[in-house]
Amino acid sequence: MSTAPSTGQLSPGARAVAIAIAAVIAFGAVPLLGSDYLMDAVLTPFLALALAAVGLNVLTGYAGQVSLGSAAFLAVGAYATYNLHLRLPQLPLIVDLVLAGLVAAAIGIVFGLPSLRLRGFYLAVSTLAAQFFVQWALTKFGWFSNDNPSGVIDAPVLSVAGFTFTSPAGRYVFSLSVVVIATLLTLRLLRSQSGRNFIAVRDHELAAKVIGVPLLRTKLLAFGVSSFLIGIAGVLWAFAYLRTVEPAGFNLDRSFQILFIIIIGGLASLRGAFLGAAFIVVFPLVLSRAGAALLGGVFDSGVLEMSQRIVVGALIIAFLIAEPRGLVALWDRLWHAVTRPAAIRNT
């Protein structure tokens, strides 16, 4: 009789082998065999958006606190890293990255204070203050962009321990390493007592308070961790993917994009953050090619953008009605359908 679980889940040994194979492919095969276009236009933005979605999922999916200011913390992470590198050049890039995340976390905690009195829609509206304030500050005060009139900043050299990541493959490996480490640390946090406190507050705030969950500390920790992760994602988005950014690039549309990722991928699921980010990055590319093949020159960039908005909006409505758990639930069903017959045959 096989020792594999009949539920379709991998055994610990098989899971370890699968992780090792995935690591070899991601860190070895993809940089060696993948094209520059694949890493520049697909994988690097996917990783940055996935990490931002992991951060928002900690806050919204696990802790139940709604936020519409994610793009603000992307901007804080990017501009903080730029200024740390510019004004304290003796600091290693990794230290700049962590400090920028801490700056984003501090600002996130400040704007998370209304969560102590507000909930749901009212909290979501209050978080817009972060979005508009950060964009205004970066535009108003030239110090943040080294007195560039348009607020544009350029990427510093991505260098760690003497290794420089300037090629598309190098920037992809740098982004992948940061995302893997950040995601593993987040998973460890969510499996701790703090993670269980997040879920308790999300499910029933009054009951959580009755059983002794510290509401103030739990909510502010959720805002801090979420903003920290999104701030680091902003560094990847600005310096590993775009290479040059301006405050207008971190507008409300970007905040909604990250929110759509966790809705489509699946709330309260780290896997859902990656599935949703993959969909958001790959879908426009597929839609562009399909539209060009079917409609030719009629399917220009304007039609593409509008079509993308319509389809994504329709999918969000469909997921909220038919499958609130998003793509991760569909993935689990498919995995169960594929592995269950094999598990039955082996019993």
# chains A, B, ... in the order shown; residues from 1 in each chain; ligands from 1
>>> residues_around(residues="Ser177 in chain A", least_positions_apart="6", cutoff="12 Å", atoms="only C-alpha atoms", output="ChimeraX atom specification")
/A:23,26-27,44,47-48,51,94,160,165,170-171,183-184,236
>>> write_last_selection(atoms="all heavy atoms", output="mmCIF file, in the first residue's frame")
data_model
loop_
_atom_site.group_PDB
_atom_site.id
_atom_site.type_symbol
_atom_site.label_atom_id
_atom_site.label_comp_id
_atom_site.auth_asym_id
_atom_site.auth_seq_id
_atom_site.Cartn_x
_atom_site.Cartn_y
_atom_site.Cartn_z
ATOM 1 N N ALA A 23 13.322 24.814 -7.687
ATOM 2 C CA ALA A 23 14.432 25.741 -7.427
ATOM 3 C C ALA A 23 15.491 25.642 -8.518
ATOM 4 O O ALA A 23 16.032 26.669 -8.973
ATOM 5 C CB ALA A 23 15.043 25.449 -6.063
ATOM 6 N N ALA A 26 14.002 27.360 -11.602
ATOM 7 C CA ALA A 26 13.855 28.808 -11.468
ATOM 8 C C ALA A 26 15.199 29.520 -11.414
ATOM 9 O O ALA A 26 15.383 30.575 -12.052
ATOM 10 C CB ALA A 26 13.034 29.132 -10.221
ATOM 11 N N PHE A 27 16.155 28.968 -10.651
ATOM 12 C CA PHE A 27 17.436 29.640 -10.476
ATOM 13 C C PHE A 27 18.477 29.225 -11.510
ATOM 14 O O PHE A 27 19.456 29.944 -11.709
ATOM 15 C CB PHE A 27 17.984 29.367 -9.076
ATOM 16 C CG PHE A 27 17.325 30.168 -7.994
ATOM 17 C CD1 PHE A 27 16.307 29.616 -7.243
ATOM 18 C CD2 PHE A 27 17.714 31.464 -7.730
ATOM 19 C CE1 PHE A 27 15.682 30.353 -6.232
ATOM 20 C CE2 PHE A 27 17.112 32.208 -6.735
ATOM 21 C CZ PHE A 27 16.088 31.649 -5.977
ATOM 22 N N THR A 44 10.159 39.252 -14.342
ATOM 23 C CA THR A 44 10.516 40.262 -13.335
ATOM 24 C C THR A 44 9.306 41.053 -12.854
ATOM 25 O O THR A 44 9.116 41.213 -11.639
ATOM 26 C CB THR A 44 11.608 41.200 -13.873
ATOM 27 O OG1 THR A 44 12.757 40.411 -14.247
ATOM 28 C CG2 THR A 44 12.024 42.199 -12.818
ATOM 29 N N LEU A 47 7.233 38.802 -10.551
ATOM 30 C CA LEU A 47 7.775 38.635 -9.201
ATOM 31 C C LEU A 47 7.487 39.856 -8.330
ATOM 32 O O LEU A 47 7.118 39.728 -7.153
ATOM 33 C CB LEU A 47 9.281 38.377 -9.277
ATOM 34 C CG LEU A 47 9.692 37.013 -9.847
ATOM 35 C CD1 LEU A 47 11.187 36.992 -10.143
ATOM 36 C CD2 LEU A 47 9.317 35.890 -8.891
ATOM 37 N N ALA A 48 7.648 41.060 -8.898
ATOM 38 C CA ALA A 48 7.388 42.276 -8.127
ATOM 39 C C ALA A 48 5.919 42.367 -7.727
ATOM 40 O O ALA A 48 5.587 42.656 -6.566
ATOM 41 C CB ALA A 48 7.799 43.504 -8.937
ATOM 42 N N LEU A 51 5.007 39.732 -5.005
ATOM 43 C CA LEU A 51 5.406 40.102 -3.649
ATOM 44 C C LEU A 51 4.491 41.191 -3.092
ATOM 45 O O LEU A 51 4.122 41.166 -1.904
ATOM 46 C CB LEU A 51 6.856 40.575 -3.641
ATOM 47 C CG LEU A 51 7.431 40.925 -2.261
ATOM 48 C CD1 LEU A 51 7.333 39.736 -1.310
ATOM 49 C CD2 LEU A 51 8.877 41.379 -2.376
ATOM 50 N N ILE A 94 21.523 45.597 0.072
ATOM 51 C CA ILE A 94 20.589 44.798 0.865
ATOM 52 C C ILE A 94 20.147 45.567 2.104
ATOM 53 O O ILE A 94 18.967 45.526 2.504
ATOM 54 C CB ILE A 94 21.232 43.455 1.256
ATOM 55 C CG1 ILE A 94 21.404 42.572 0.025
ATOM 56 C CG2 ILE A 94 20.367 42.727 2.278
ATOM 57 C CD1 ILE A 94 20.111 42.219 -0.685
ATOM 58 N N VAL A 160 25.274 43.048 -4.967
ATOM 59 C CA VAL A 160 25.237 42.384 -3.665
ATOM 60 C C VAL A 160 26.497 41.538 -3.522
ATOM 61 O O VAL A 160 26.771 40.667 -4.361
ATOM 62 C CB VAL A 160 23.987 41.492 -3.514
ATOM 63 C CG1 VAL A 160 23.991 40.784 -2.163
ATOM 64 C CG2 VAL A 160 22.716 42.316 -3.675
ATOM 65 N N PHE A 165 24.056 42.794 -10.763
ATOM 66 C CA PHE A 165 22.913 42.229 -11.503
ATOM 67 C C PHE A 165 22.398 43.296 -12.465
ATOM 68 O O PHE A 165 21.470 44.044 -12.144
ATOM 69 C CB PHE A 165 21.816 41.797 -10.538
ATOM 70 C CG PHE A 165 22.269 40.813 -9.496
ATOM 71 C CD1 PHE A 165 22.742 41.245 -8.263
ATOM 72 C CD2 PHE A 165 22.235 39.453 -9.749
ATOM 73 C CE1 PHE A 165 23.150 40.341 -7.301
ATOM 74 C CE2 PHE A 165 22.655 38.546 -8.802
ATOM 75 C CZ PHE A 165 23.114 38.991 -7.571
ATOM 76 N N GLY A 170 20.218 38.676 -14.695
ATOM 77 C CA GLY A 170 20.693 39.050 -13.370
ATOM 78 C C GLY A 170 19.608 39.718 -12.550
ATOM 79 O O GLY A 170 19.441 39.427 -11.354
ATOM 80 N N ARG A 171 18.851 40.639 -13.167
ATOM 81 C CA ARG A 171 17.776 41.307 -12.438
ATOM 82 C C ARG A 171 16.676 40.323 -12.056
ATOM 83 O O ARG A 171 16.061 40.440 -10.997
ATOM 84 C CB ARG A 171 17.217 42.452 -13.272
ATOM 85 C CG ARG A 171 18.229 43.572 -13.516
ATOM 86 C CD ARG A 171 17.555 44.842 -13.985
ATOM 87 N NE ARG A 171 16.827 44.653 -15.243
ATOM 88 C CZ ARG A 171 17.381 44.775 -16.440
ATOM 89 N NH1 ARG A 171 18.668 45.062 -16.552
ATOM 90 N NH2 ARG A 171 16.656 44.614 -17.522
ATOM 91 N N THR A 183 8.882 35.690 0.964
ATOM 92 C CA THR A 183 7.699 34.834 1.044
ATOM 93 C C THR A 183 7.863 33.768 2.126
ATOM 94 O O THR A 183 6.916 33.475 2.874
ATOM 95 C CB THR A 183 7.437 34.167 -0.309
ATOM 96 O OG1 THR A 183 7.284 35.183 -1.318
ATOM 97 C CG2 THR A 183 6.171 33.319 -0.272
ATOM 98 N N LEU A 184 9.052 33.188 2.239
ATOM 99 C CA LEU A 184 9.290 32.187 3.275
ATOM 100 C C LEU A 184 9.171 32.792 4.677
ATOM 101 O O LEU A 184 8.586 32.179 5.584
ATOM 102 C CB LEU A 184 10.666 31.546 3.084
ATOM 103 C CG LEU A 184 10.819 30.638 1.855
ATOM 104 C CD1 LEU A 184 12.258 30.153 1.728
ATOM 105 C CD2 LEU A 184 9.863 29.455 1.924
ATOM 106 N N LEU A 236 11.748 46.326 -6.321
ATOM 107 C CA LEU A 236 11.880 45.426 -7.473
ATOM 108 C C LEU A 236 11.180 45.991 -8.699
ATOM 109 O O LEU A 236 11.691 45.898 -9.822
ATOM 110 C CB LEU A 236 11.292 44.050 -7.117
ATOM 111 C CG LEU A 236 11.910 43.328 -5.917
ATOM 112 C CD1 LEU A 236 11.271 41.959 -5.739
ATOM 113 C CD2 LEU A 236 13.415 43.198 -6.068
#
>>> closest_atom_pairs(of="range 188-298 of chain A", to="range 119-133 of chain A", cutoff="10 Å", atoms="only C-alpha atoms", output="JSON lines")
{"residue": "A:Phe250", "atom": "CA", "partner": "A:Gln131", "partner_atom": "CA", "distance": 8.5}
{"residue": "A:Asn251", "atom": "CA", "partner": "A:Gln131", "partner_atom": "CA", "distance": 7.4}
{"residue": "A:Leu252", "atom": "CA", "partner": "A:Gln131", "partner_atom": "CA", "distance": 7.0}
{"residue": "A:Ser255", "atom": "CA", "partner": "A:Gln131", "partner_atom": "CA", "distance": 8.4}
>>> select_by_dssp(residues="range 121-261 of chain A", states="strand (DSSP E)", output="list in words")
Ile153, Asp154, Ser159, Val160, Phe163, Thr164, Thr244 and Val245 of chain A
>>> atom_distance(atom1="CA of Gly266 in chain A", atom2="CA of Gly61 in chain A")
8.3 Å
>>> atom_distance(atom1="CA of Gly296 in chain A", atom2="CA of Arg254 in chain A")
28.8 Å
>>> closest_residue(among="A:Ala63, A:Val180, A:Val152, A:Ala80", to="Ala22 in chain A", atoms="only C-alpha atoms")
A:Val180
>>> atom_distance(atom1="CA of Asn83 in chain A", atom2="CA of Val179 in chain A")
22.1 Å
>>> select_by_dssp(residues="range 120-267 of chain A", states="helix (DSSP H, G or I)", output="ChimeraX atom specification")
/A:120-140,142-145,168-190,193-203,205-210,215-242,247-250,252-265
>>> residues_around(residues="Arg309 in chain A", least_positions_apart="2", cutoff="12 Å", atoms="only C-alpha atoms", output="number ranges by chain")
A: 253, 256-257, 260, 280, 283-284, 287, 302-307, 311-316
>>> closest_residue(among="A:Gly231, A:Gly224, A:Gly162, A:Pro324", to="Pro92 in chain A", atoms="only C-alpha atoms")
A:Gly162
>>> closest_residue(among="A:Ala100, A:Leu138, A:Leu49, A:Ile264", to="Leu84 in chain A", atoms="only C-alpha atoms")
A:Ala100
>>> residues_around(residues="Ile25 in chain A", least_positions_apart="6", cutoff="12 Å", atoms="only C-alpha atoms", output="PyMOL selection string")
chain A and resi 18-19+31-34+173+176
>>> closest_residue(among="A:Ala322, A:Ala14, A:Ala29, A:Ile261", to="Leu275 in chain A", atoms="only C-alpha atoms")
A:Ile261
>>> closest_residue(among="A:Val245, A:Leu267, A:Leu229, A:Ala137", to="Ala182 in chain A", atoms="only C-alpha atoms")
A:Leu229
>>> closest_residue(among="A:Ala71, A:Ser150, A:Ile321, A:Asp300", to="Gly249 in chain A", atoms="only C-alpha atoms")
A:Ala71
